[in-house]
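Dumped input12.cif below, it's mmCIF, C-alpha atoms:
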```cif
data_data
#
loop_
_atom_site.label_atom_id
_atom_site.label_comp_id
_atom_site.auth_asym_id
_atom_site.auth_seq_id
_atom_site.Cartn_x
_atom_site.Cartn_y
_atom_site.Cartn_z
CA MET A 1155 -30.22 17.79 57.44
CA ALA A 1156 -33.32 16.13 58.73
CA THR A 1157 -32.89 12.92 56.83
CA GLU A 1158 -33.42 10.80 59.92
CA THR A 1159 -37.12 11.57 59.84
CA ASP A 1160 -37.38 10.44 56.28
CA THR A 1161 -40.90 10.17 54.91
CA HIS A 1162 -40.19 9.84 51.21
CA GLY A 1163 -38.35 6.59 51.37
CA ALA A 1164 -35.16 8.09 49.94
CA VAL A 1165 -32.69 6.12 51.98
CA SER A 1166 -29.62 8.27 51.47
CA ALA A 1167 -27.77 11.10 53.11
CA CYS A 1168 -27.66 12.81 49.73
CA VAL A 1169 -31.40 13.23 49.28
CA ASP A 1170 -33.57 15.41 51.48
CA SER A 1171 -37.06 14.62 52.74
CA HIS A 1172 -38.65 16.01 49.56
CA GLY A 1173 -36.58 13.89 47.21
CA GLY A 1174 -34.35 16.83 46.26
CA ALA A 1175 -30.61 16.66 46.01
CA VAL A 1176 -28.48 17.69 48.96
CA GLY A 1177 -25.43 19.45 47.58
CA MET A 1178 -23.86 17.84 44.56
CA PRO A 1179 -25.13 14.32 43.90
CA GLN A 1180 -21.82 13.72 42.13
CA LEU A 1181 -20.04 13.85 45.50
CA CYS A 1182 -22.38 11.46 47.26
CA GLY A 1183 -20.24 8.59 48.45
CA ASP A 1184 -23.21 6.28 48.95
CA TRP A 1185 -23.75 5.97 45.21
CA MET A 1186 -20.22 5.74 43.92
CA GLY A 1187 -19.83 2.02 44.45
CA ASN A 1188 -22.95 1.40 42.40
CA GLN A 1189 -21.78 3.66 39.58
CA VAL A 1190 -18.28 2.20 39.49
CA PHE A 1191 -19.63 -1.35 39.50
CA TRP A 1192 -22.03 -0.81 36.60
CA LEU A 1193 -19.55 1.33 34.67
CA VAL A 1194 -16.89 -1.37 34.83
CA ILE A 1195 -19.40 -3.93 33.57
CA THR A 1196 -20.43 -1.55 30.79
CA LEU A 1197 -16.87 -0.88 29.68
CA VAL A 1198 -15.98 -4.58 29.72
CA VAL A 1199 -19.08 -5.41 27.69
CA ILE A 1200 -18.35 -2.66 25.16
CA TYR A 1201 -14.70 -3.74 24.97
CA PHE A 1202 -15.62 -7.33 24.19
CA ILE A 1203 -18.25 -6.33 21.65
CA LEU A 1204 -15.78 -4.03 19.91
CA SER A 1205 -12.70 -6.23 19.99
CA ARG A 1206 -14.52 -9.50 19.17
CA VAL A 1207 -17.20 -8.38 16.73
CA ALA A 1208 -17.37 -4.77 15.62
CA LEU A 1209 -13.77 -3.73 14.98
CA PRO A 1210 -12.58 -6.88 13.14
CA ARG A 1211 -15.65 -6.66 10.91
CA ILE A 1212 -15.16 -3.01 10.07
CA ALA A 1213 -11.43 -3.58 9.57
CA SER A 1214 -12.11 -6.47 7.17
CA VAL A 1215 -14.61 -4.40 5.22
CA LEU A 1216 -12.13 -1.54 4.96
CA ALA A 1217 -9.34 -3.90 3.90
CA GLU A 1218 -11.63 -5.53 1.35
CA ARG A 1219 -12.55 -2.13 -0.04
CA GLN A 1220 -8.90 -1.15 -0.23
CA GLY A 1221 -8.18 -4.37 -2.08
CA THR A 1222 -11.06 -3.84 -4.47
CA ILE A 1223 -9.94 -0.30 -5.20
CA THR A 1224 -6.35 -1.41 -5.80
CA ASN A 1225 -7.52 -4.20 -8.12
CA ASP A 1226 -9.84 -1.89 -10.00
CA ILE A 1227 -7.09 0.66 -10.49
CA ALA A 1228 -4.74 -2.06 -11.75
CA ALA A 1229 -7.46 -3.36 -14.13
CA ALA A 1230 -8.11 0.16 -15.35
CA GLU A 1231 -4.39 0.64 -15.95
CA GLU A 1232 -4.29 -2.59 -17.94
CA LEU A 1233 -7.33 -1.64 -20.01
CA LYS A 1234 -5.83 1.77 -20.67
CA GLN A 1235 -2.65 0.12 -21.93
CA LYS A 1236 -4.70 -2.18 -24.16
CA ALA A 1237 -6.59 0.76 -25.53
CA GLU A 1238 -3.33 2.52 -26.27
CA GLU A 1239 -2.04 -0.56 -28.06
CA ALA A 1240 -5.23 -0.79 -30.08
CA GLU A 1241 -4.94 2.84 -31.00
CA ALA A 1242 -1.35 2.36 -32.14
CA ALA A 1243 -2.38 -0.66 -34.25
CA TYR A 1244 -5.23 1.32 -35.76
CA ASN A 1245 -2.92 4.21 -36.59
CA LYS A 1246 -0.43 1.84 -38.18
CA ALA A 1247 -3.15 0.19 -40.27
CA LEU A 1248 -4.38 3.60 -41.32
CA ALA A 1249 -0.88 4.70 -42.37
CA ASP A 1250 -0.35 1.42 -44.28
CA ALA A 1251 -3.64 1.86 -46.09
CA ARG A 1252 -2.73 5.42 -46.97
CA ALA A 1253 0.66 4.34 -48.36
CA GLU A 1254 -0.98 1.54 -50.35
CA ALA A 1255 -3.55 3.92 -51.75
CA SER A 1256 -0.97 6.47 -52.83
CA LYS A 1257 1.06 3.68 -54.41
CA ILE A 1258 -1.96 2.51 -56.40
CA VAL A 1259 -2.70 6.08 -57.41
CA ALA A 1260 0.89 6.56 -58.61
CA GLU A 1261 0.77 3.27 -60.59
CA ALA A 1262 -2.51 4.21 -62.21
CA LYS A 1263 -1.13 7.61 -63.07
CA ALA A 1264 1.96 6.09 -64.66
CA GLU A 1265 -0.16 3.63 -66.67
CA ILE A 1266 -2.45 6.35 -67.88
CA GLN A 1267 0.57 8.48 -68.75
CA ALA A 1268 2.09 5.63 -70.77
CA ASP A 1269 -1.18 5.04 -72.64
CA LEU A 1270 -1.52 8.71 -73.22
CA ASP A 1271 2.06 8.98 -74.50
CA ALA A 1272 1.55 6.05 -76.89
CA ALA A 1273 -1.71 7.49 -78.17
CA THR A 1274 -0.14 10.90 -78.61
CA GLN A 1275 2.77 9.41 -80.53
CA LYS A 1276 0.46 7.46 -82.80
CA ALA A 1277 -1.68 10.51 -83.37
CA ASP A 1278 1.42 12.59 -84.14
CA ALA A 1279 2.62 10.02 -86.65
CA GLU A 1280 -0.76 9.90 -88.31
CA ILE A 1281 -0.94 13.65 -88.39
CA ALA A 1282 2.55 13.84 -89.91
CA ALA A 1283 1.64 11.30 -92.57
CA LYS A 1284 -1.57 13.13 -93.39
CA ALA A 1285 0.31 16.42 -93.52
CA ALA A 1286 2.88 14.99 -95.95
CA GLU A 1287 0.13 13.61 -98.15
CA SER A 1288 -1.65 16.93 -98.07
CA ALA A 1289 1.56 18.77 -98.92
CA LYS A 1290 2.05 16.44 -101.90
CA ALA A 1291 -1.51 17.03 -103.07
CA ILE A 1292 -1.12 20.77 -102.66
CA ALA A 1293 2.12 20.69 -104.69
CA ALA A 1294 0.41 18.71 -107.45
CA ILE A 1295 -2.50 21.11 -107.47
CA GLN A 1296 -0.07 24.04 -107.56
CA ALA A 1297 1.82 22.53 -110.50
CA SER A 1298 -1.32 21.83 -112.44
CA ALA A 1299 -2.54 25.32 -111.65
CA MET A 1300 0.71 26.73 -113.00
CA GLU A 1301 0.31 24.78 -116.20
CA SER A 1302 -3.28 25.93 -116.55
CA ILE A 1303 -2.24 29.54 -116.02
CA GLU A 1304 0.41 29.26 -118.70
CA ALA A 1305 -2.05 27.73 -121.17
CA VAL A 1306 -4.72 30.29 -120.36
CA ALA A 1307 -2.15 33.11 -120.62
CA LYS A 1308 -0.94 31.85 -124.02
CA ASP A 1309 -4.51 31.50 -125.27
CA THR A 1310 -5.49 34.91 -123.90
CA THR A 1311 -2.37 36.53 -125.28
CA GLY A 1312 -3.00 34.88 -128.72
CA GLU A 1313 -6.61 36.09 -128.67
CA ILE A 1314 -5.68 39.66 -127.59
CA VAL A 1315 -2.95 39.86 -130.21
CA GLY A 1316 -5.47 38.50 -132.83
CA VAL A 1317 -8.07 41.09 -131.79
CA LEU A 1318 -5.55 43.89 -132.02
CA GLY A 1319 -4.94 42.88 -135.64
CA GLY A 1320 -1.69 41.10 -135.28
CA LYS A 1321 -0.80 37.69 -136.45
CA ALA A 1322 0.12 35.77 -133.53
CA ASP A 1323 3.12 33.65 -133.89
CA ALA A 1324 2.63 30.75 -131.49
CA LYS A 1325 6.29 30.39 -130.75
CA ALA A 1326 6.81 34.08 -129.97
CA ILE A 1327 3.76 34.14 -127.73
CA THR A 1328 4.91 31.13 -125.82
CA ALA A 1329 8.34 32.66 -125.34
CA ALA A 1330 6.90 36.02 -124.29
CA VAL A 1331 4.43 34.51 -121.84
CA THR A 1332 7.08 32.24 -120.37
CA ALA A 1333 9.43 35.19 -120.01
CA GLU A 1334 6.72 37.37 -118.51
CA MET A 1335 5.69 34.72 -116.01
CA LYS A 1336 9.25 34.16 -114.95
CA GLY A 1337 9.85 37.86 -114.65
CA MET B 1355 -33.83 23.87 48.94
CA ALA B 1356 -37.13 23.25 50.62
CA ASP B 1357 -37.44 26.97 51.24
CA GLU B 1358 -37.18 27.77 47.54
CA LYS B 1359 -40.10 25.52 46.85
CA ALA B 1360 -42.31 27.87 48.84
CA GLU B 1361 -41.58 30.79 46.53
CA GLY B 1362 -44.46 30.70 44.06
CA GLY B 1363 -43.54 29.34 40.64
CA LEU B 1364 -39.76 29.59 40.76
CA VAL B 1365 -38.48 26.13 41.61
CA PHE B 1366 -34.76 25.52 41.32
CA HIS B 1367 -33.69 21.94 41.40
CA PRO B 1368 -30.87 21.94 38.89
CA MET B 1369 -29.05 19.10 40.63
CA ASP B 1370 -31.97 16.71 41.03
CA GLN B 1371 -31.34 15.30 37.57
CA PHE B 1372 -28.11 13.79 38.87
CA ILE B 1373 -29.70 11.80 41.71
CA VAL B 1374 -29.10 8.08 41.54
CA LYS B 1375 -32.31 6.10 42.11
CA PRO B 1376 -32.99 2.38 42.17
CA LEU B 1377 -34.80 1.22 39.05
CA PHE B 1378 -37.21 -0.95 41.01
CA GLY B 1379 -38.71 0.24 44.29
CA ASP B 1380 -37.43 2.85 46.66
CA GLY B 1381 -34.84 0.95 48.60
CA ALA B 1382 -31.28 1.85 49.40
CA VAL B 1383 -28.66 1.96 46.65
CA ALA B 1384 -26.20 -0.86 47.22
CA TRP B 1385 -23.27 -1.41 44.88
CA TYR B 1386 -25.15 -4.12 42.96
CA THR B 1387 -28.60 -2.42 42.83
CA PRO B 1388 -29.85 -1.85 39.28
CA THR B 1389 -30.32 1.93 39.21
CA ASN B 1390 -30.99 4.62 36.65
CA VAL B 1391 -27.19 4.58 36.17
CA THR B 1392 -27.47 0.94 35.12
CA PHE B 1393 -30.30 1.76 32.75
CA TRP B 1394 -28.50 4.59 30.96
CA LEU B 1395 -25.21 2.69 30.85
CA ALA B 1396 -27.08 -0.19 29.24
CA LEU B 1397 -28.59 2.23 26.73
CA SER B 1398 -25.13 3.49 25.84
CA VAL B 1399 -24.02 -0.12 25.26
CA LEU B 1400 -27.00 -0.53 22.95
CA ALA B 1401 -26.09 2.71 21.16
CA VAL B 1402 -22.53 1.48 20.63
CA VAL B 1403 -23.87 -1.82 19.31
CA LEU B 1404 -26.26 0.03 17.03
CA ILE B 1405 -23.54 2.25 15.60
CA LEU B 1406 -20.71 -0.24 15.27
CA VAL B 1407 -22.51 -3.57 14.75
CA VAL B 1408 -26.04 -3.04 13.46
CA LEU B 1409 -25.48 -0.13 11.07
CA PRO B 1410 -22.49 -1.62 9.21
CA ARG B 1411 -24.02 -5.13 9.06
CA GLY B 1412 -24.34 -4.88 5.27
CA ARG B 1413 -20.53 -5.00 4.94
CA ALA B 1414 -20.90 -3.48 1.49
CA VAL B 1415 -17.88 -2.46 -0.56
CA VAL B 1416 -19.77 0.72 -1.37
CA PRO B 1417 -21.01 1.72 2.09
CA THR B 1418 -24.51 2.80 2.95
CA ARG B 1419 -25.02 5.88 5.11
CA GLY B 1420 -25.21 3.87 8.33
CA GLN B 1421 -22.14 1.89 7.42
CA SER B 1422 -20.31 5.13 6.69
CA ILE B 1423 -21.00 6.36 10.22
CA ALA B 1424 -19.35 3.29 11.71
CA GLU B 1425 -16.45 3.44 9.28
CA LEU B 1426 -15.90 7.16 9.83
CA ALA B 1427 -15.88 6.63 13.62
CA TYR B 1428 -13.43 3.76 13.18
CA GLY B 1429 -11.20 5.73 10.82
CA PHE B 1430 -11.34 8.85 12.98
CA ILE B 1431 -10.10 7.13 16.15
CA TYR B 1432 -7.73 4.79 14.32
CA LYS B 1433 -6.00 7.73 12.65
CA MET B 1434 -5.93 9.63 15.95
CA VAL B 1435 -4.20 6.73 17.70
CA GLU B 1436 -1.78 6.27 14.83
CA ASP B 1437 -0.94 9.98 14.57
CA VAL B 1438 -0.70 10.78 18.27
CA ALA B 1439 0.52 7.56 19.89
CA GLY B 1440 2.50 6.29 16.92
CA LYS B 1441 2.44 3.06 14.92
CA ASP B 1442 3.10 0.89 17.97
CA GLY B 1443 0.12 2.48 19.73
CA VAL B 1444 -2.24 0.89 17.22
CA LYS B 1445 -2.48 -2.33 19.21
CA TYR B 1446 -4.16 -0.39 22.02
CA PHE B 1447 -6.72 0.96 19.55
CA PRO B 1448 -9.64 -1.25 20.79
CA TYR B 1449 -9.27 0.13 24.33
CA ILE B 1450 -9.25 3.72 23.13
CA MET B 1451 -12.14 3.04 20.76
CA THR B 1452 -14.06 1.58 23.73
CA LEU B 1453 -13.52 4.75 25.74
CA PHE B 1454 -14.42 7.05 22.87
CA MET B 1455 -17.56 5.21 21.82
CA PHE B 1456 -18.78 4.91 25.40
CA ILE B 1457 -18.20 8.59 26.20
CA VAL B 1458 -19.67 9.90 22.97
CA CYS B 1459 -22.78 7.70 23.26
CA ALA B 1460 -23.27 8.47 26.95
CA ASN B 1461 -22.85 12.19 26.34
CA PHE B 1462 -25.40 12.28 23.53
CA LEU B 1463 -27.85 10.04 25.40
CA GLY B 1464 -27.55 12.45 28.31
CA LEU B 1465 -28.81 15.22 26.04
CA LEU B 1466 -32.19 13.53 25.64
CA PRO B 1467 -34.74 15.44 27.73
CA GLY B 1468 -35.23 13.70 31.06
CA ALA B 1469 -32.12 11.58 30.62
CA PHE B 1470 -29.64 10.70 33.33
CA THR B 1471 -26.15 11.70 32.17
CA THR B 1472 -23.79 9.00 33.36
CA THR B 1473 -20.68 10.93 32.27
CA SER B 1474 -21.66 13.91 34.43
CA HIS B 1475 -20.67 11.88 37.50
CA ILE B 1476 -17.15 12.15 38.78
CA ALA B 1477 -17.30 8.52 39.94
CA VAL B 1478 -17.77 7.43 36.33
CA THR B 1479 -15.18 9.70 34.74
CA ALA B 1480 -12.68 9.10 37.54
CA VAL B 1481 -12.81 5.35 36.91
CA MET B 1482 -11.90 6.01 33.30
CA GLY B 1483 -9.39 8.78 34.07
CA PHE B 1484 -7.55 6.81 36.75
CA GLY B 1485 -7.94 3.65 34.70
CA VAL B 1486 -6.07 5.32 31.85
CA PHE B 1487 -3.51 6.74 34.31
CA PHE B 1488 -2.69 3.39 35.93
CA ALA B 1489 -2.79 1.48 32.65
CA VAL B 1490 -0.42 3.93 30.99
CA THR B 1491 1.96 4.12 33.96
CA ILE B 1492 2.14 0.34 34.35
CA LEU B 1493 2.59 -0.02 30.60
CA GLY B 1494 5.45 2.49 30.69
CA PHE B 1495 7.29 0.56 33.43
CA VAL B 1496 6.62 -2.79 31.75
CA LEU B 1497 7.95 -1.60 28.40
CA HIS B 1498 10.88 0.50 29.57
CA GLY B 1499 11.60 -0.64 33.14
CA ILE B 1500 13.17 1.93 35.38
CA SER B 1501 14.20 4.07 32.39
CA PHE B 1502 10.56 5.09 32.09
CA LEU B 1503 11.43 7.61 34.81
CA LYS B 1504 13.50 9.49 32.23
CA LEU B 1505 10.14 10.91 31.21
CA PHE B 1506 10.65 13.28 34.16
CA TRP B 1507 14.35 13.90 33.57
CA ILE B 1508 14.43 16.27 30.62
CA SER B 1509 17.84 15.81 29.02
CA ALA B 1510 17.29 18.71 26.65
CA ALA B 1511 17.25 21.22 29.54
CA PRO B 1512 20.40 22.64 31.21
CA LEU B 1513 21.59 20.44 34.09
CA PRO B 1514 20.81 22.87 36.96
CA LEU B 1515 17.24 23.20 35.77
CA ARG B 1516 16.58 19.48 35.50
CA PRO B 1517 15.68 18.76 39.16
CA ILE B 1518 13.21 21.64 39.18
CA LEU B 1519 11.71 20.54 35.88
CA ALA B 1520 11.54 16.98 37.17
CA LEU B 1521 9.53 18.15 40.16
CA ILE B 1522 7.13 20.08 37.93
CA GLU B 1523 6.84 17.13 35.56
CA ILE B 1524 6.07 14.72 38.38
CA ILE B 1525 3.41 17.00 39.84
CA SER B 1526 1.80 17.50 36.45
CA TYR B 1527 1.97 13.77 35.79
CA PHE B 1528 0.01 13.00 38.95
CA VAL B 1529 -2.51 15.77 38.28
CA ARG B 1530 -3.29 14.27 34.88
CA PRO B 1531 -5.94 11.74 35.94
CA VAL B 1532 -7.67 14.35 38.10
CA SER B 1533 -7.92 16.94 35.34
CA HIS B 1534 -8.67 14.22 32.83
CA SER B 1535 -11.75 13.05 34.71
CA ILE B 1536 -12.94 16.35 36.17
CA ARG B 1537 -12.82 18.02 32.76
CA LEU B 1538 -15.38 15.60 31.33
CA ALA B 1539 -17.65 15.40 34.38
CA GLY B 1540 -17.49 19.16 34.96
CA ASN B 1541 -18.40 20.03 31.39
CA MET B 1542 -21.29 17.60 31.34
CA MET B 1543 -22.64 18.62 34.75
CA ALA B 1544 -22.32 22.38 34.17
CA GLY B 1545 -24.21 22.37 30.88
CA HIS B 1546 -27.04 20.23 32.16
CA ALA B 1547 -27.37 22.25 35.36
CA VAL B 1548 -27.46 25.54 33.41
CA ILE B 1549 -30.21 24.19 31.16
CA LYS B 1550 -32.20 23.23 34.26
CA VAL B 1551 -31.77 26.71 35.76
CA PHE B 1552 -33.04 28.34 32.57
CA ALA B 1553 -35.88 25.83 32.47
CA ALA B 1554 -36.95 26.97 35.94
CA PHE B 1555 -37.09 30.57 34.72
CA ALA B 1556 -39.40 29.49 31.89
CA ALA B 1557 -42.20 29.27 34.48
CA VAL B 1558 -42.21 33.07 34.76
CA THR B 1559 -44.36 34.39 31.91
CA LEU B 1560 -42.43 37.61 31.42
CA ILE B 1561 -39.04 36.05 30.80
CA SER B 1562 -40.06 32.68 29.47
CA PRO B 1563 -39.35 33.49 25.78
CA LEU B 1564 -35.85 34.60 26.72
CA SER B 1565 -35.44 31.55 28.90
CA ILE B 1566 -36.58 29.13 26.20
CA GLY B 1567 -34.28 30.84 23.71
CA ALA B 1568 -31.42 30.45 26.16
CA ILE B 1569 -32.24 26.76 26.66
CA THR B 1570 -32.11 26.26 22.89
CA ALA B 1571 -28.79 28.06 22.61
CA ILE B 1572 -27.23 26.18 25.55
CA TYR B 1573 -28.55 22.93 24.15
CA ALA B 1574 -26.82 23.62 20.84
CA LEU B 1575 -23.64 24.38 22.73
CA GLU B 1576 -24.04 21.15 24.71
CA VAL B 1577 -24.36 19.12 21.53
CA LEU B 1578 -21.00 20.54 20.54
CA VAL B 1579 -19.52 19.97 24.00
CA ALA B 1580 -20.79 16.39 24.09
CA PHE B 1581 -18.67 15.54 21.07
CA ILE B 1582 -15.71 17.76 21.88
CA GLN B 1583 -15.31 16.38 25.40
CA ALA B 1584 -15.36 12.82 24.10
CA TYR B 1585 -12.75 13.85 21.54
CA VAL B 1586 -10.61 15.63 24.15
CA PHE B 1587 -10.78 12.69 26.55
CA THR B 1588 -9.72 10.33 23.77
CA ILE B 1589 -6.90 12.42 22.38
CA LEU B 1590 -5.49 13.00 25.87
CA THR B 1591 -5.56 9.26 26.40
CA CYS B 1592 -3.56 8.93 23.18
CA VAL B 1593 -1.08 11.57 24.39
CA TYR B 1594 -0.57 9.74 27.70
CA LEU B 1595 -0.18 6.50 25.81
CA ARG B 1596 2.52 8.07 23.65
CA ASP B 1597 4.41 9.13 26.78
CA ALA B 1598 4.29 5.53 27.97
CA LEU B 1599 5.46 4.16 24.62
CA HIS B 1600 8.13 6.80 23.96
CA PRO B 1601 9.17 8.33 27.30
CA HIS B 1602 12.40 9.79 25.88
CA HIS B 1603 10.65 12.76 24.34
#
```

Take the structure in the file and give it back as structure tokens.
Amino acid sequence: MATETDTHGAVSACVDSHGGAVGMPQLCGDWMGNQVFWLVITLVVIYFILSRVALPRIASVLAERQGTITNDIAAAEELKQKAEEAEAAYNKALADARAEASKIVAEAKAEIQADLDAATQKADAEIAAKAAESAKAIAAIQASAMESIEAVAKDTTGEIVGVLGGKADAKAITAAVTAEMKG
Amino acid sequence: MADEKAEGGLVFHPMDQFIVKPLFGDGAVAWYTPTNVTFWLALSVLAVVLILVVLPRGRAVVPTRGQSIAELAYGFIYKMVEDVAGKDGVKYFPYIMTLFMFIVCANFLGLLPGAFTTTSHIAVTAVMGFGVFFAVTILGFVLHGISFLKLFWISAAPLPLRPILALIEIISYFVRPVSHSIRLAGNMMAGHAVIKVFAAFAAVTLISPLSIGAITAIYALEVLVAFIQAYVFTILTCVYLRDALHPHH
């Protein structure tokens, strides 16, 4: 190529007089030293930045996070256990309270039953006494009624016999009435 | 190339984006000259610092979004090293993280319109590819001495086959750094060049909608490729590291 008569100031065999590329610029040997030199510097700089600053920092943050997560999980486990214990205690207290309550209920029931039994007994006794008294009174009334009936019957018989024209013999009437009433 | 410029409208310069220029003035590019390579490499350093130092500066137990990005990147590569290279590979994690963060940042910075993609240059990827190759090979000999060569002597295969397999293994071992570096540079260069070609077609009114649609689609693909190539480079590094740490298959 006519690079000897260069007017554009491109001082390279890889660039033509118009500043265009001759062939593949990648294969231009004139530039490789420059590229290699700056690349090596770049890689060394990146390596030192990464190994001295960036990677240890990120690693420590990741480790810290891992630690925090592990601790949090352990704390959560502990709290869960505590909650379970509390629940068990609560359940136990509840069961105790229930047992106590049923005991009190049973005691109260028994007491009431005893009172009730005593009252019933007393009432029964009173009723029995009253009944006996009443029976006595009824018997007395019955007896007196019987006597009254006999007297009335004798009188009535005497009167009827008198009305019919007979002469009532008191003794005979009494005997007849007594016999009739027995019969 | 100069001839194409004469054709009205259609100007193809897909490779011009890869030209290395001095940052100041128009002089020659010596090995120490600050160039656009220097500028974009410096930007990728800043991007790495932003992602891994500035964003997670809060160091909160409950991470913010920015902090999560840094921690996800850290966890992603750490797990990769641990899974692929094994537990004893973890002490080489900072080196692998350096490679990954540099490649991923450089790839994504290269996707900015008008950017210079440092990882599209074979000189850049070859330094990393051969760097990994030599580091891993030296490490293998340091850790295992001469028995590191058993990596090529597959004891699981029948005896007559072993010399042939050894030859194949040795060839593939020495091809590793080449494929390792060309894969990354090739992917980066191809995507960017294709976008430039479509961009040139956008000057023609008739096909410009198609061309712009194609640029958008390729760009989306390149976003994917930018990450995947960084991932592939890193995981291959881990695989080579595993071979150095455990050469006895």

Written as a PyMOL selection string, which residues does the PyMOL selection byres ((chain A) within 6 of (chain B)) give for the file shown? chain A and resi 1165+1174-1175+1179-1180+1186-1188+1192+1201+1205+1208+1215+1219

Could you save the residues just selected, with C-alpha atoms, as a PDB file, in the coordinates of the input?
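Below you can see result_24.pdb, which holds the result:
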```pdb
ATOM      1  CA  VAL A1165     -32.690   6.120  51.980  1.00  0.00           C
ATOM      2  CA  GLY A1174     -34.350  16.830  46.260  1.00  0.00           C
ATOM      3  CA  ALA A1175     -30.610  16.660  46.010  1.00  0.00           C
ATOM      4  CA  PRO A1179     -25.130  14.320  43.900  1.00  0.00           C
ATOM      5  CA  GLN A1180     -21.820  13.720  42.130  1.00  0.00           C
ATOM      6  CA  MET A1186     -20.220   5.740  43.920  1.00  0.00           C
ATOM      7  CA  GLY A1187     -19.830   2.020  44.450  1.00  0.00           C
ATOM      8  CA  ASN A1188     -22.950   1.400  42.400  1.00  0.00           C
ATOM      9  CA  TRP A1192     -22.030  -0.810  36.600  1.00  0.00           C
ATOM     10  CA  TYR A1201     -14.700  -3.740  24.970  1.00  0.00           C
ATOM     11  CA  SER A1205     -12.700  -6.230  19.990  1.00  0.00           C
ATOM     12  CA  ALA A1208     -17.370  -4.770  15.620  1.00  0.00           C
ATOM     13  CA  VAL A1215     -14.610  -4.400   5.220  1.00  0.00           C
ATOM     14  CA  ARG A1219     -12.550  -2.130  -0.040  1.00  0.00           C
TER      15      ARG A1219
END
```

Take the point (-33.2, 33.0, 27.0) as written in the file and pick out every residue within 12 Å of it, counting all atoms listed in the file; give the list as a compact mmCIF listing (two decimals) with C-alpha atoms, keeping the file's coordinate frame.
```txt
# COMPACT_ATOMS: atom_id res chain seq x y z
CA VAL B 1548 -27.46 25.54 33.41
CA ILE B 1549 -30.21 24.19 31.16
CA VAL B 1551 -31.77 26.71 35.76
CA PHE B 1552 -33.04 28.34 32.57
CA ALA B 1553 -35.88 25.83 32.47
CA ALA B 1554 -36.95 26.97 35.94
CA PHE B 1555 -37.09 30.57 34.72
CA ALA B 1556 -39.40 29.49 31.89
CA VAL B 1558 -42.21 33.07 34.76
CA LEU B 1560 -42.43 37.61 31.42
CA ILE B 1561 -39.04 36.05 30.80
CA SER B 1562 -40.06 32.68 29.47
CA PRO B 1563 -39.35 33.49 25.78
CA LEU B 1564 -35.85 34.60 26.72
CA SER B 1565 -35.44 31.55 28.90
CA ILE B 1566 -36.58 29.13 26.20
CA GLY B 1567 -34.28 30.84 23.71
CA ALA B 1568 -31.42 30.45 26.16
CA ILE B 1569 -32.24 26.76 26.66
CA THR B 1570 -32.11 26.26 22.89
CA ALA B 1571 -28.79 28.06 22.61
CA ILE B 1572 -27.23 26.18 25.55
CA TYR B 1573 -28.55 22.93 24.15
```

Spatial neighbours of A:Thr1310, 12 Å, all atoms listed in the file, chain gap at least 4 places, as a PyMOL selection string: chain A and resi 1302-1306+1314-1317+1322+1324+1327-1328+1331

In Å, how far is it from atom CA of B:Met1434 to atom CA of B:Ile1589?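 Atom CA of B:Met1434 sits 7.1 Å away from atom CA of B:Ile1589.
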
Distance of atom CA of B:Glu1576 from atom CA of A:Leu1193, expressed in Å to one decimal place: 22.6 Å

Just want the 10 Å neighbourhood of B:Ile1508, counted on only C-alpha atoms, with same-chain residues fewer than 5 positions away dropped. Output as a ChimeraX atom specification. /B:1513,1515-1517,1519-1520,1523,1602-1603

Report, in Å with one decimal, the straight-line distance from atom CA of A:Glu1231 to atom CA of B:Leu1426. 29.0 Å

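Comparing the minimum interatomic distances between B:Ala1580 and each of B:Leu1503, B:Arg1596, B:Val1496, B:Ile1457, counting all atoms listed in the file, we find that B:Ile1457 sits nearest.
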
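Nearest residue to B:Leu1404 among A:Ala1285, A:Ile1200, A:Ala1293, A:Glu1313 is A:Ile1200, counting only C-alpha atoms.
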
As an mmCIF file with C-alpha atoms, in the frame of the given file, please: the residues near B:Thr1471 (cut-off 7 Å, all atoms listed in the file, same-chain neighbours under 4 positions excluded).
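out.cif, freshly written:
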```
data_model
loop_
_atom_site.group_PDB
_atom_site.id
_atom_site.type_symbol
_atom_site.label_atom_id
_atom_site.label_comp_id
_atom_site.auth_asym_id
_atom_site.auth_seq_id
_atom_site.Cartn_x
_atom_site.Cartn_y
_atom_site.Cartn_z
ATOM 1 C CA ALA B 1460 -23.270 8.470 26.950
ATOM 2 C CA ASN B 1461 -22.850 12.190 26.340
ATOM 3 C CA GLY B 1464 -27.550 12.450 28.310
#
```

Specify the axis-aligned box that encloses all atoms of stretch 1567-1583 of chain B listed in the file after padding of 3 Å on each side, stating its centre and edge lengths in Å to one decimal as lines of an AutoDock Vina configuration file.
```
center_x = -24.8
center_y = 23.2
center_z = 23.6
size_x = 25.0
size_y = 21.3
size_z = 12.1
```

Between B:Tyr1432, B:Ala1511, B:Ala1584, B:Phe1470, which has the minimum distance to B:Ser1535 (counting only C-alpha atoms)?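 Smallest distance to B:Ser1535 is found for B:Ala1584.
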
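Of the listed residues (B:Val1486, B:Leu1377, B:Cys1459, B:Leu1505), B:Val1486 comes nearest to B:Leu1590; the distances count all atoms listed in the file.
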